[in-house]
Structure formats: structure tokens, C-alpha cells
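As provided, work-v4.pdb (PDB, C-alpha atoms) reads as follows.
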```
ATOM      1  CA  MET A  20      15.843 -20.410 -42.197  1.00  0.00           C
ATOM      2  CA  THR A  21      19.192 -19.249 -40.802  1.00  0.00           C
ATOM      3  CA  GLU A  22      20.219 -19.275 -37.157  1.00  0.00           C
ATOM      4  CA  GLN A  23      20.409 -15.451 -37.282  1.00  0.00           C
ATOM      5  CA  THR A  24      16.804 -15.238 -38.478  1.00  0.00           C
ATOM      6  CA  ASP A  25      15.760 -17.616 -35.694  1.00  0.00           C
ATOM      7  CA  ALA A  26      17.543 -15.439 -33.162  1.00  0.00           C
ATOM      8  CA  ASN A  27      15.881 -12.287 -34.458  1.00  0.00           C
ATOM      9  CA  GLU A  28      12.458 -13.924 -34.288  1.00  0.00           C
ATOM     10  CA  ARG A  29      13.055 -15.014 -30.736  1.00  0.00           C
ATOM     11  CA  THR A  30      14.101 -11.493 -29.851  1.00  0.00           C
ATOM     12  CA  THR A  31      10.972  -9.891 -31.281  1.00  0.00           C
ATOM     13  CA  GLU A  32       8.489 -12.441 -29.873  1.00  0.00           C
ATOM     14  CA  ARG A  33       8.227 -10.633 -26.561  1.00  0.00           C
ATOM     15  CA  ARG A  34       7.134  -7.035 -26.008  1.00  0.00           C
ATOM     16  CA  VAL A  35       7.020  -4.726 -23.011  1.00  0.00           C
ATOM     17  CA  ARG A  36       5.727  -1.154 -22.786  1.00  0.00           C
ATOM     18  CA  VAL A  37       7.912   1.111 -20.646  1.00  0.00           C
ATOM     19  CA  VAL A  38       7.809   4.644 -19.229  1.00  0.00           C
ATOM     20  CA  LEU A  39      11.095   6.409 -18.399  1.00  0.00           C
ATOM     21  CA  VAL A  40      11.071   8.665 -15.337  1.00  0.00           C
ATOM     22  CA  ASP A  41      14.247  10.699 -14.798  1.00  0.00           C
ATOM     23  CA  ASP A  42      14.852  14.433 -14.400  1.00  0.00           C
ATOM     24  CA  HIS A  43      17.857  14.441 -16.732  1.00  0.00           C
ATOM     25  CA  ARG A  44      16.740  14.737 -20.350  1.00  0.00           C
ATOM     26  CA  MET A  45      20.095  13.588 -21.731  1.00  0.00           C
ATOM     27  CA  PHE A  46      19.990  10.443 -19.614  1.00  0.00           C
ATOM     28  CA  ARG A  47      16.459   9.643 -20.807  1.00  0.00           C
ATOM     29  CA  ALA A  48      17.616  10.136 -24.394  1.00  0.00           C
ATOM     30  CA  GLY A  49      20.514   7.766 -23.799  1.00  0.00           C
ATOM     31  CA  VAL A  50      18.310   5.058 -22.293  1.00  0.00           C
ATOM     32  CA  GLN A  51      15.813   5.474 -25.114  1.00  0.00           C
ATOM     33  CA  ALA A  52      18.579   5.031 -27.696  1.00  0.00           C
ATOM     34  CA  GLU A  53      19.994   2.013 -25.874  1.00  0.00           C
ATOM     35  CA  ILE A  54      16.856   0.000 -25.139  1.00  0.00           C
ATOM     36  CA  GLY A  55      14.099   1.565 -27.267  1.00  0.00           C
ATOM     37  CA  ARG A  56      14.905  -0.203 -30.540  1.00  0.00           C
ATOM     38  CA  THR A  57      11.709  -2.207 -30.263  1.00  0.00           C
ATOM     39  CA  GLU A  58      12.303  -4.640 -33.142  1.00  0.00           C
ATOM     40  CA  THR A  59      15.600  -5.671 -31.570  1.00  0.00           C
ATOM     41  CA  THR A  60      15.007  -5.353 -27.832  1.00  0.00           C
ATOM     42  CA  GLY A  61      11.243  -5.830 -27.575  1.00  0.00           C
ATOM     43  CA  VAL A  62      11.039  -2.672 -25.450  1.00  0.00           C
ATOM     44  CA  GLU A  63       8.616   0.053 -26.505  1.00  0.00           C
ATOM     45  CA  VAL A  64       9.097   3.363 -24.687  1.00  0.00           C
ATOM     46  CA  VAL A  65       5.574   4.807 -24.499  1.00  0.00           C
ATOM     47  CA  GLY A  66       6.259   7.865 -22.361  1.00  0.00           C
ATOM     48  CA  GLU A  67       8.766   9.960 -20.429  1.00  0.00           C
ATOM     49  CA  ALA A  68       8.601  12.200 -17.371  1.00  0.00           C
ATOM     50  CA  ALA A  69      10.970  14.530 -15.518  1.00  0.00           C
ATOM     51  CA  ASP A  70       9.202  15.036 -12.176  1.00  0.00           C
ATOM     52  CA  VAL A  71       6.618  13.466  -9.893  1.00  0.00           C
ATOM     53  CA  ASP A  72       3.528  15.170 -11.331  1.00  0.00           C
ATOM     54  CA  GLN A  73       4.532  14.402 -14.921  1.00  0.00           C
ATOM     55  CA  ALA A  74       5.301  10.813 -13.962  1.00  0.00           C
ATOM     56  CA  VAL A  75       1.904  10.186 -12.373  1.00  0.00           C
ATOM     57  CA  THR A  76       0.134  11.789 -15.338  1.00  0.00           C
ATOM     58  CA  VAL A  77       2.052   9.808 -17.974  1.00  0.00           C
ATOM     59  CA  ILE A  78       1.881   6.492 -16.102  1.00  0.00           C
ATOM     60  CA  THR A  79      -1.860   6.851 -15.517  1.00  0.00           C
ATOM     61  CA  ALA A  80      -2.464   7.759 -19.169  1.00  0.00           C
ATOM     62  CA  THR A  81      -0.318   5.026 -20.749  1.00  0.00           C
ATOM     63  CA  ARG A  82      -0.595   2.174 -18.194  1.00  0.00           C
ATOM     64  CA  PRO A  83       2.800   0.633 -19.109  1.00  0.00           C
ATOM     65  CA  GLU A  84       3.874  -2.796 -17.924  1.00  0.00           C
ATOM     66  CA  VAL A  85       7.093  -1.405 -16.405  1.00  0.00           C
ATOM     67  CA  VAL A  86       8.240   2.020 -15.212  1.00  0.00           C
ATOM     68  CA  LEU A  87      11.966   2.799 -14.995  1.00  0.00           C
ATOM     69  CA  LEU A  88      11.991   5.135 -12.000  1.00  0.00           C
ATOM     70  CA  ASP A  89      14.745   7.416 -10.747  1.00  0.00           C
ATOM     71  CA  VAL A  90      14.872   7.744  -6.957  1.00  0.00           C
ATOM     72  CA  HIS A  91      15.590  11.483  -6.746  1.00  0.00           C
ATOM     73  CA  LEU A  92      12.985  13.540  -8.609  1.00  0.00           C
ATOM     74  CA  PRO A  93      11.556  17.054  -8.251  1.00  0.00           C
ATOM     75  CA  GLY A  94       8.235  16.978  -6.438  1.00  0.00           C
ATOM     76  CA  GLY A  95       8.878  14.327  -3.812  1.00  0.00           C
ATOM     77  CA  GLY A  96      11.108  11.664  -5.344  1.00  0.00           C
ATOM     78  CA  GLY A  97      10.463   8.160  -6.578  1.00  0.00           C
ATOM     79  CA  VAL A  98       8.745   7.148  -3.338  1.00  0.00           C
ATOM     80  CA  GLU A  99       6.054   9.784  -3.947  1.00  0.00           C
ATOM     81  CA  VAL A 100       5.463   8.437  -7.469  1.00  0.00           C
ATOM     82  CA  LEU A 101       5.025   4.963  -5.986  1.00  0.00           C
ATOM     83  CA  ARG A 102       2.608   6.254  -3.345  1.00  0.00           C
ATOM     84  CA  ARG A 103       0.460   8.030  -5.901  1.00  0.00           C
ATOM     85  CA  CYS A 104       0.471   5.023  -8.240  1.00  0.00           C
ATOM     86  CA  ALA A 105      -0.383   2.484  -5.545  1.00  0.00           C
ATOM     87  CA  SER A 106      -3.717   1.630  -7.140  1.00  0.00           C
ATOM     88  CA  LEU A 107      -2.041   0.915 -10.483  1.00  0.00           C
ATOM     89  CA  MET A 108       0.490  -1.391  -8.837  1.00  0.00           C
ATOM     90  CA  GLY A 109      -2.305  -3.210  -7.030  1.00  0.00           C
ATOM     91  CA  ALA A 110      -4.545  -3.635 -10.060  1.00  0.00           C
ATOM     92  CA  ALA A 111      -5.910  -7.153 -10.378  1.00  0.00           C
ATOM     93  CA  GLU A 112      -5.371  -7.097 -14.148  1.00  0.00           C
ATOM     94  CA  HIS A 113      -2.387  -5.554 -15.932  1.00  0.00           C
ATOM     95  CA  PRO A 114      -0.588  -4.128 -12.871  1.00  0.00           C
ATOM     96  CA  VAL A 115       2.063  -1.470 -13.445  1.00  0.00           C
ATOM     97  CA  ARG A 116       5.414  -2.629 -12.079  1.00  0.00           C
ATOM     98  CA  PHE A 117       8.296  -0.358 -11.099  1.00  0.00           C
ATOM     99  CA  LEU A 118      12.051  -0.870 -11.486  1.00  0.00           C
ATOM    100  CA  ALA A 119      14.224   1.766  -9.818  1.00  0.00           C
ATOM    101  CA  LEU A 120      17.116   2.938 -12.006  1.00  0.00           C
ATOM    102  CA  SER A 121      19.365   5.315 -10.102  1.00  0.00           C
ATOM    103  CA  VAL A 122      22.908   6.555  -9.719  1.00  0.00           C
ATOM    104  CA  SER A 123      22.484   6.114  -5.955  1.00  0.00           C
ATOM    105  CA  ASP A 124      23.447   2.881  -4.256  1.00  0.00           C
ATOM    106  CA  ALA A 125      22.646   4.135  -0.746  1.00  0.00           C
ATOM    107  CA  ALA A 126      20.865   1.609   1.457  1.00  0.00           C
ATOM    108  CA  GLU A 127      18.170   4.090   2.513  1.00  0.00           C
ATOM    109  CA  ASP A 128      17.281   4.808  -1.135  1.00  0.00           C
ATOM    110  CA  VAL A 129      17.078   1.121  -2.012  1.00  0.00           C
ATOM    111  CA  ILE A 130      14.991   0.188   1.010  1.00  0.00           C
ATOM    112  CA  GLY A 131      12.728   3.236   0.621  1.00  0.00           C
ATOM    113  CA  VAL A 132      11.554   2.432  -2.898  1.00  0.00           C
ATOM    114  CA  ILE A 133      11.262  -1.300  -2.218  1.00  0.00           C
ATOM    115  CA  ARG A 134       9.049  -0.599   0.776  1.00  0.00           C
ATOM    116  CA  GLY A 135       7.127   1.733  -1.536  1.00  0.00           C
ATOM    117  CA  GLY A 136       6.347  -1.134  -3.889  1.00  0.00           C
ATOM    118  CA  ALA A 137       9.128  -1.190  -6.519  1.00  0.00           C
ATOM    119  CA  ARG A 138       9.965  -4.672  -7.803  1.00  0.00           C
ATOM    120  CA  GLY A 139      13.677  -4.046  -8.072  1.00  0.00           C
ATOM    121  CA  TYR A 140      16.562  -1.599  -8.021  1.00  0.00           C
ATOM    122  CA  VAL A 141      19.482  -1.336 -10.450  1.00  0.00           C
ATOM    123  CA  THR A 142      22.166   1.312 -10.738  1.00  0.00           C
ATOM    124  CA  LYS A 143      22.978   3.369 -13.805  1.00  0.00           C
ATOM    125  CA  THR A 144      26.199   1.422 -14.340  1.00  0.00           C
ATOM    126  CA  ILE A 145      24.066  -1.437 -15.721  1.00  0.00           C
ATOM    127  CA  THR A 146      24.590  -2.398 -19.366  1.00  0.00           C
ATOM    128  CA  GLY A 147      21.826  -1.980 -21.923  1.00  0.00           C
ATOM    129  CA  THR A 148      21.509  -5.743 -22.386  1.00  0.00           C
ATOM    130  CA  ASP A 149      21.192  -6.349 -18.645  1.00  0.00           C
ATOM    131  CA  LEU A 150      18.692  -3.508 -18.313  1.00  0.00           C
ATOM    132  CA  VAL A 151      16.461  -5.012 -21.010  1.00  0.00           C
ATOM    133  CA  ASP A 152      16.682  -8.386 -19.262  1.00  0.00           C
ATOM    134  CA  SER A 153      15.806  -6.743 -15.916  1.00  0.00           C
ATOM    135  CA  ILE A 154      12.779  -5.009 -17.449  1.00  0.00           C
ATOM    136  CA  PHE A 155      11.379  -8.286 -18.757  1.00  0.00           C
ATOM    137  CA  ARG A 156      12.027 -10.056 -15.470  1.00  0.00           C
ATOM    138  CA  VAL A 157      10.159  -7.341 -13.566  1.00  0.00           C
ATOM    139  CA  GLN A 158       7.308  -7.541 -16.092  1.00  0.00           C
ATOM    140  CA  GLU A 159       7.066 -11.254 -15.304  1.00  0.00           C
ATOM    141  CA  GLY A 160       6.898 -10.554 -11.560  1.00  0.00           C
ATOM    142  CA  ASP A 161      10.494 -11.233 -10.513  1.00  0.00           C
ATOM    143  CA  ALA A 162      12.446  -9.064  -8.090  1.00  0.00           C
ATOM    144  CA  VAL A 163      15.661  -7.701  -9.651  1.00  0.00           C
ATOM    145  CA  PHE A 164      18.639  -6.030  -7.975  1.00  0.00           C
ATOM    146  CA  SER A 165      22.161  -4.995  -8.865  1.00  0.00           C
ATOM    147  CA  PRO A 166      24.476  -7.514  -7.141  1.00  0.00           C
ATOM    148  CA  ARG A 167      25.360  -5.801  -3.862  1.00  0.00           C
ATOM    149  CA  LEU A 168      22.025  -4.031  -3.395  1.00  0.00           C
ATOM    150  CA  ALA A 169      20.073  -7.231  -2.714  1.00  0.00           C
ATOM    151  CA  GLY A 170      21.943  -7.489   0.585  1.00  0.00           C
ATOM    152  CA  PHE A 171      20.506  -4.175   1.781  1.00  0.00           C
ATOM    153  CA  VAL A 172      16.976  -5.436   1.239  1.00  0.00           C
ATOM    154  CA  LEU A 173      17.598  -8.836   2.829  1.00  0.00           C
ATOM    155  CA  ASP A 174      19.191  -7.193   5.883  1.00  0.00           C
ATOM    156  CA  ALA A 175      16.392  -4.651   6.200  1.00  0.00           C
ATOM    157  CA  PHE A 176      13.604  -7.212   6.123  1.00  0.00           C
ATOM    158  CA  ALA A 177      15.496  -9.821   8.143  1.00  0.00           C
ATOM    159  CA  SER A 178      15.937  -7.276  10.936  1.00  0.00           C
ATOM    160  CA  THR A 179      12.188  -6.892  11.433  1.00  0.00           C
ATOM    161  CA  ASP A 180       9.825  -9.437  12.887  1.00  0.00           C
ATOM    162  CA  ALA A 181       7.351 -10.985  10.481  1.00  0.00           C
ATOM    163  CA  PRO A 182       4.021  -9.186  10.808  1.00  0.00           C
ATOM    164  CA  PRO A 183       1.335 -11.128  12.657  1.00  0.00           C
ATOM    165  CA  VAL A 184      -1.744 -12.311  10.810  1.00  0.00           C
ATOM    166  CA  ASP A 185      -4.393  -9.586  10.972  1.00  0.00           C
ATOM    167  CA  GLU A 186      -7.771 -11.312  10.858  1.00  0.00           C
ATOM    168  CA  ASP A 187      -9.640  -8.009  10.513  1.00  0.00           C
ATOM    169  CA  LEU A 188      -7.576  -6.976   7.500  1.00  0.00           C
ATOM    170  CA  ASP A 189      -7.959 -10.433   5.975  1.00  0.00           C
ATOM    171  CA  ARG A 190     -11.726  -9.905   5.853  1.00  0.00           C
ATOM    172  CA  LEU A 191     -11.279  -7.139   3.287  1.00  0.00           C
ATOM    173  CA  THR A 192     -10.988  -7.708  -0.452  1.00  0.00           C
ATOM    174  CA  GLN A 193      -8.028  -6.264  -2.370  1.00  0.00           C
ATOM    175  CA  ARG A 194     -10.211  -3.445  -3.714  1.00  0.00           C
ATOM    176  CA  GLU A 195     -11.552  -2.665  -0.244  1.00  0.00           C
ATOM    177  CA  ARG A 196      -7.983  -2.405   1.035  1.00  0.00           C
ATOM    178  CA  GLU A 197      -7.117   0.056  -1.738  1.00  0.00           C
ATOM    179  CA  VAL A 198     -10.137   2.209  -0.864  1.00  0.00           C
ATOM    180  CA  LEU A 199      -9.261   1.966   2.828  1.00  0.00           C
ATOM    181  CA  ARG A 200      -5.732   3.255   2.257  1.00  0.00           C
ATOM    182  CA  LEU A 201      -6.906   6.162   0.123  1.00  0.00           C
ATOM    183  CA  ILE A 202      -9.624   7.134   2.608  1.00  0.00           C
ATOM    184  CA  ALA A 203      -7.056   7.034   5.421  1.00  0.00           C
ATOM    185  CA  ARG A 204      -4.772   9.304   3.400  1.00  0.00           C
ATOM    186  CA  GLY A 205      -7.521  11.925   3.243  1.00  0.00           C
ATOM    187  CA  TYR A 206      -8.750  11.452  -0.316  1.00  0.00           C
ATOM    188  CA  ALA A 207     -12.334  12.500  -1.119  1.00  0.00           C
ATOM    189  CA  TYR A 208     -14.671   9.926  -2.669  1.00  0.00           C
ATOM    190  CA  LYS A 209     -14.451  11.657  -6.046  1.00  0.00           C
ATOM    191  CA  GLU A 210     -10.622  11.545  -5.942  1.00  0.00           C
ATOM    192  CA  ILE A 211     -10.661   7.856  -5.023  1.00  0.00           C
ATOM    193  CA  ALA A 212     -13.039   7.108  -7.877  1.00  0.00           C
ATOM    194  CA  LYS A 213     -10.672   8.825 -10.306  1.00  0.00           C
ATOM    195  CA  GLN A 214      -7.605   7.022  -8.921  1.00  0.00           C
ATOM    196  CA  LEU A 215      -9.202   3.578  -9.128  1.00  0.00           C
ATOM    197  CA  PHE A 216     -11.204   4.100 -12.328  1.00  0.00           C
ATOM    198  CA  ILE A 217     -14.510   3.353 -10.605  1.00  0.00           C
ATOM    199  CA  SER A 218     -17.658   5.358  -9.879  1.00  0.00           C
ATOM    200  CA  VAL A 219     -18.248   7.437  -6.740  1.00  0.00           C
ATOM    201  CA  LYS A 220     -21.200   5.169  -5.933  1.00  0.00           C
ATOM    202  CA  THR A 221     -18.888   2.143  -6.055  1.00  0.00           C
ATOM    203  CA  VAL A 222     -16.454   3.910  -3.709  1.00  0.00           C
ATOM    204  CA  GLU A 223     -19.326   4.547  -1.291  1.00  0.00           C
ATOM    205  CA  SER A 224     -20.287   0.864  -1.433  1.00  0.00           C
ATOM    206  CA  HIS A 225     -16.705  -0.210  -0.680  1.00  0.00           C
ATOM    207  CA  VAL A 226     -16.434   2.223   2.242  1.00  0.00           C
ATOM    208  CA  SER A 227     -19.729   0.934   3.695  1.00  0.00           C
ATOM    209  CA  ALA A 228     -18.475  -2.639   3.381  1.00  0.00           C
ATOM    210  CA  VAL A 229     -15.166  -1.772   5.066  1.00  0.00           C
ATOM    211  CA  LEU A 230     -16.906   0.005   7.957  1.00  0.00           C
ATOM    212  CA  ARG A 231     -19.273  -2.934   8.416  1.00  0.00           C
ATOM    213  CA  LYS A 232     -16.556  -5.587   8.312  1.00  0.00           C
ATOM    214  CA  LEU A 233     -14.287  -3.671  10.708  1.00  0.00           C
ATOM    215  CA  GLN A 234     -17.213  -2.622  12.927  1.00  0.00           C
ATOM    216  CA  LEU A 235     -16.325   1.075  12.656  1.00  0.00           C
ATOM    217  CA  SER A 236     -18.709   4.034  12.534  1.00  0.00           C
ATOM    218  CA  ASN A 237     -17.083   6.662  10.294  1.00  0.00           C
ATOM    219  CA  ARG A 238     -14.019   7.555   8.211  1.00  0.00           C
ATOM    220  CA  HIS A 239     -12.261   9.153  11.202  1.00  0.00           C
ATOM    221  CA  GLU A 240     -12.312   5.859  13.081  1.00  0.00           C
ATOM    222  CA  LEU A 241     -11.264   4.116   9.881  1.00  0.00           C
ATOM    223  CA  THR A 242      -8.273   6.463   9.522  1.00  0.00           C
ATOM    224  CA  ARG A 243      -7.170   5.796  13.096  1.00  0.00           C
ATOM    225  CA  TRP A 244      -7.547   2.044  12.513  1.00  0.00           C
ATOM    226  CA  ALA A 245      -5.426   2.147   9.338  1.00  0.00           C
ATOM    227  CA  THR A 246      -2.785   4.414  10.898  1.00  0.00           C
ATOM    228  CA  ALA A 247      -2.405   2.107  13.912  1.00  0.00           C
ATOM    229  CA  ARG A 248      -1.625  -0.741  11.504  1.00  0.00           C
ATOM    230  CA  ARG A 249       0.755   1.390   9.418  1.00  0.00           C
ATOM    231  CA  LEU A 250      -1.350   0.957   6.300  1.00  0.00           C
ATOM    232  CA  VAL A 251      -1.316   4.645   5.366  1.00  0.00           C
TER     233      VAL A 251
END
```

As C-alpha cells - that is how I would like this structure written.
Amino acid sequence: MTEQTDANERTTERRVRVVLVDDHRMFRAGVQAEIGRTETTGVEVVGEAADVDQAVTVITATRPEVVLLDVHLPGGGGVEVLRRCASLMGAAEHPVRFLALSVSDAAEDVIGVIRGGARGYVTKTITGTDLVDSIFRVQEGDAVFSPRLAGFVLDAFASTDAPPVDEDLDRLTQREREVLRLIARGYAYKEIAKQLFISVKTVESHVSAVLRKLQLSNRHELTRWATARRLV
């Protein structure tokens, strides 16, 4: 077996399913052509979207491992996509991870999407090879940044005090925290059930458990509690 064959086999051993979210069709086509040669790169592009609503629909339907997300999108921007996909990012099994891919290198854009839950941020000057490498690193749980952008994030988080341990919040399971956040954002039980792929009855059980553990009486008190802790 030749060294070239060995190299090809190593290349095709790994696979990652990706959704491209960008409002410029030509750019999406270019990225697809550059990284979407699955047998060579290991990247399979399973969906595309041009705005926030399309992005949420496609991501929810395809459940990719990684989403390449532009920061500036019609309908609320990349941060809104992250907010509406919070339950997918927090899934215990097969979480969806987000890598921002943007022309912007502004500190506020970088910090905004990282606070929103993105695992990294690279600019559109990145090479195809480096982009493929970044996608796989994000899939594996690493944080990835273009060289000078990491400094923005380090400065932003270094400038804030570490949050104190919240014993009340620690009593809640991961799923209960997800339900809590969605309740506090004003979602109806039926909407929460759809977002988290569970039944309405299960949502009701989680809400009852949260109220009991936090010693609260109703969803209005729960919303105030979550807002005071900046969980919304």
C-alpha cells in the first residue's frame, strides 16, 4: 500500500456533518466547493441557510455536529440563532456546536457570539485547509479562534469577576435549567416541548421540580428569579 493511499485513508476516516449559515449565496457556494468534497476533507455539508429563521429550521431538522455561522444575518444575527438553538447546544447527547465564520473582526461581534455559546470565531480570510481543521476541532469540543481574536475573548472574560457558586442553581439538573431558561423567556409549555423534543407532560414535571427545588410558587416568580441571575 502506498504512502498516498495511506494518507487518503487517514483523511477519510473522520466525518463531520456541517450546516452553512450565511446570507451571501455566492459565499456559501464558495465554502461548499472548498470544504464540501467529503471524500477528501471529511466534511459533509447537510444544509444551508440565509437568515435566522431558515437557520433554526435547517439546524433543527438536520442536527449537524457543527454549524458555520455568520455574525450578521437578516432576522436578528448570529446571536439570535444561538439563542434559539440553545437547547441543541446543551443536548446531553450529540450537541450541535457553532463556529462563527465572519468578515468582521470587531471585538463586540466576537464577544457577543462567544457569550451566546459559539465554540470559536474565525474570519473569512481563513484558508480552506485551516477551516476544515477548525471544524473538526470544534466538533471535538475545542475552542478555536483566528490568531488576534482570542485576545478579545481573554480580555473580556478576564475583566469580569468569576461568578460565585449558586447553590440554588446547582440543585437543578441540566434539563431543568434548559426548561427554566425557556420558561423565563416566555415560552409556552407546548413550545418548550417542541424545542426540547419532549412531551408537554414532561415539561410540566420539570417545571414542578424547578419550583419545588427553588421554593417558588409560579412561573412569574421563576422568571424574576432567572432574570436576577442573568440566566434569560

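For the atom pair formed by atom CA of A:Asp41 and atom CA of A:Gln73, the distance is 10.4 Å, given to one decimal.
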
Ground truth for the PyMOL selection byres ((chain A and resi 204) around 10), written as a PyMOL selection string: chain A and resi 198-203+205-207+242+245-246+250-251

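Every residue that the PyMOL selection byres ((chain A and resi 77) around 9) selects in this file is listed here: Val38, Val65, Gly66, Glu67, Ala68, Asp72, Gln73, Ala74, Val75, Thr76, Ile78, Thr79, Ala80, Thr81 and Arg82 of chain A.
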
Given all atoms listed in the file as the counted atoms, nearest of A:Phe155, A:Val229, A:Arg102, A:Thr146 to A:Ile133: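 The shortest atom-to-atom distance to A:Ile133 comes from A:Arg102.
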
Test item: the PyMOL selection byres ((chain A and resi 188) around 12) resolved as a PyMOL selection string: chain A and resi 183-187+189-193+195-197+199-200+229-230+232-234+241+244-245+248-250

Pick from A:Arg238, A:Val129, A:Ser106, A:Ser218, whichever lies nearest to A:Gly170 using all atoms listed in the file: A:Val129

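The neighbours of A:Ser121 here are the residues that come within 12 Å of it, using all atoms listed in the file and leaving out any residue fewer than 4 positions away in the same chain; they are Leu39, Val40, Asp41, Asp42, His43, Phe46, Arg47, Leu87, Leu88, Asp89, Val90, His91, Leu92, Gly96, Gly97, Ala125, Asp128, Val129, Val132, Gly139, Tyr140, Val141, Thr142, Lys143, Thr144, Ile145, Phe164, Ser165 and Leu168 of chain A.
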
Computed interatomic separation between atom CA of A:Val115 and atom CA of A:Arg56 (Å):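 About the pair atom CA of A:Val115 and atom CA of A:Arg56: they are 21.4 Å apart.
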
Å distance separating atom CA of A:Arg134 from atom CA of A:Val157, one decimal place: 15.9 Å

Who sits within 8 Å of A:Val37, all atoms listed in the file, same chain under 6 positions skipped, as a PyMOL selection string: chain A and resi 62-66+83-87

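The closest residue to A:Asp149, picked from A:Glu240, A:Glu53, A:Glu112, A:Asp161 and counting only C-alpha atoms, is A:Glu53.
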
Which residue of A:His239, A:His225, A:Arg138, A:Arg167 approaches A:Met108 most closely, using all atoms listed in the file: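 Residue with the minimum atom-to-atom distance to A:Met108: A:Arg138.
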
Add whatever atoms are absent from stretch 63-76 of chain A to reach N, CA, C and O atoms, and provide the output as a compact mmCIF listing (two decimals), in the coordinates of the input.
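Listed below is the output, selection.txt:
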```txt
# COMPACT_ATOMS: atom_id res chain seq x y z
N GLU A 63 9.24 -1.11 -25.89
CA GLU A 63 8.62 0.05 -26.50
C GLU A 63 8.47 1.15 -25.45
O GLU A 63 7.74 0.98 -24.47
N VAL A 64 9.19 2.24 -25.63
CA VAL A 64 9.10 3.36 -24.69
C VAL A 64 7.87 4.19 -25.07
O VAL A 64 7.82 4.81 -26.12
N VAL A 65 6.85 4.17 -24.19
CA VAL A 65 5.57 4.81 -24.50
C VAL A 65 5.40 6.16 -23.83
O VAL A 65 4.39 6.84 -24.05
N GLY A 66 6.37 6.56 -23.01
CA GLY A 66 6.26 7.86 -22.36
C GLY A 66 7.49 8.19 -21.53
O GLY A 66 8.27 7.30 -21.18
N GLU A 67 7.66 9.49 -21.25
CA GLU A 67 8.77 9.96 -20.43
C GLU A 67 8.26 11.01 -19.46
O GLU A 67 7.24 11.67 -19.72
N ALA A 68 8.96 11.18 -18.35
CA ALA A 68 8.60 12.20 -17.37
C ALA A 68 9.85 12.66 -16.63
O ALA A 68 10.80 11.89 -16.46
N ALA A 69 9.80 13.94 -16.18
CA ALA A 69 10.97 14.53 -15.52
C ALA A 69 10.73 14.86 -14.05
O ALA A 69 11.66 15.23 -13.35
N ASP A 70 9.49 14.77 -13.58
CA ASP A 70 9.20 15.04 -12.18
C ASP A 70 8.02 14.19 -11.72
O ASP A 70 7.45 13.44 -12.52
N VAL A 71 7.66 14.32 -10.46
CA VAL A 71 6.62 13.47 -9.89
C VAL A 71 5.27 13.66 -10.58
O VAL A 71 4.61 12.70 -10.98
N ASP A 72 4.84 14.91 -10.74
CA ASP A 72 3.53 15.17 -11.33
C ASP A 72 3.46 14.65 -12.76
O ASP A 72 2.47 14.02 -13.15
N GLN A 73 4.51 14.91 -13.55
CA GLN A 73 4.53 14.40 -14.92
C GLN A 73 4.48 12.88 -14.92
O GLN A 73 3.78 12.26 -15.74
N ALA A 74 5.24 12.27 -14.01
CA ALA A 74 5.30 10.81 -13.96
C ALA A 74 3.93 10.21 -13.71
O ALA A 74 3.50 9.29 -14.41
N VAL A 75 3.22 10.73 -12.71
CA VAL A 75 1.90 10.19 -12.37
C VAL A 75 0.94 10.36 -13.55
O VAL A 75 0.18 9.45 -13.89
N THR A 76 1.01 11.52 -14.20
CA THR A 76 0.13 11.79 -15.34
C THR A 76 0.41 10.82 -16.49
O THR A 76 -0.51 10.22 -17.06
```
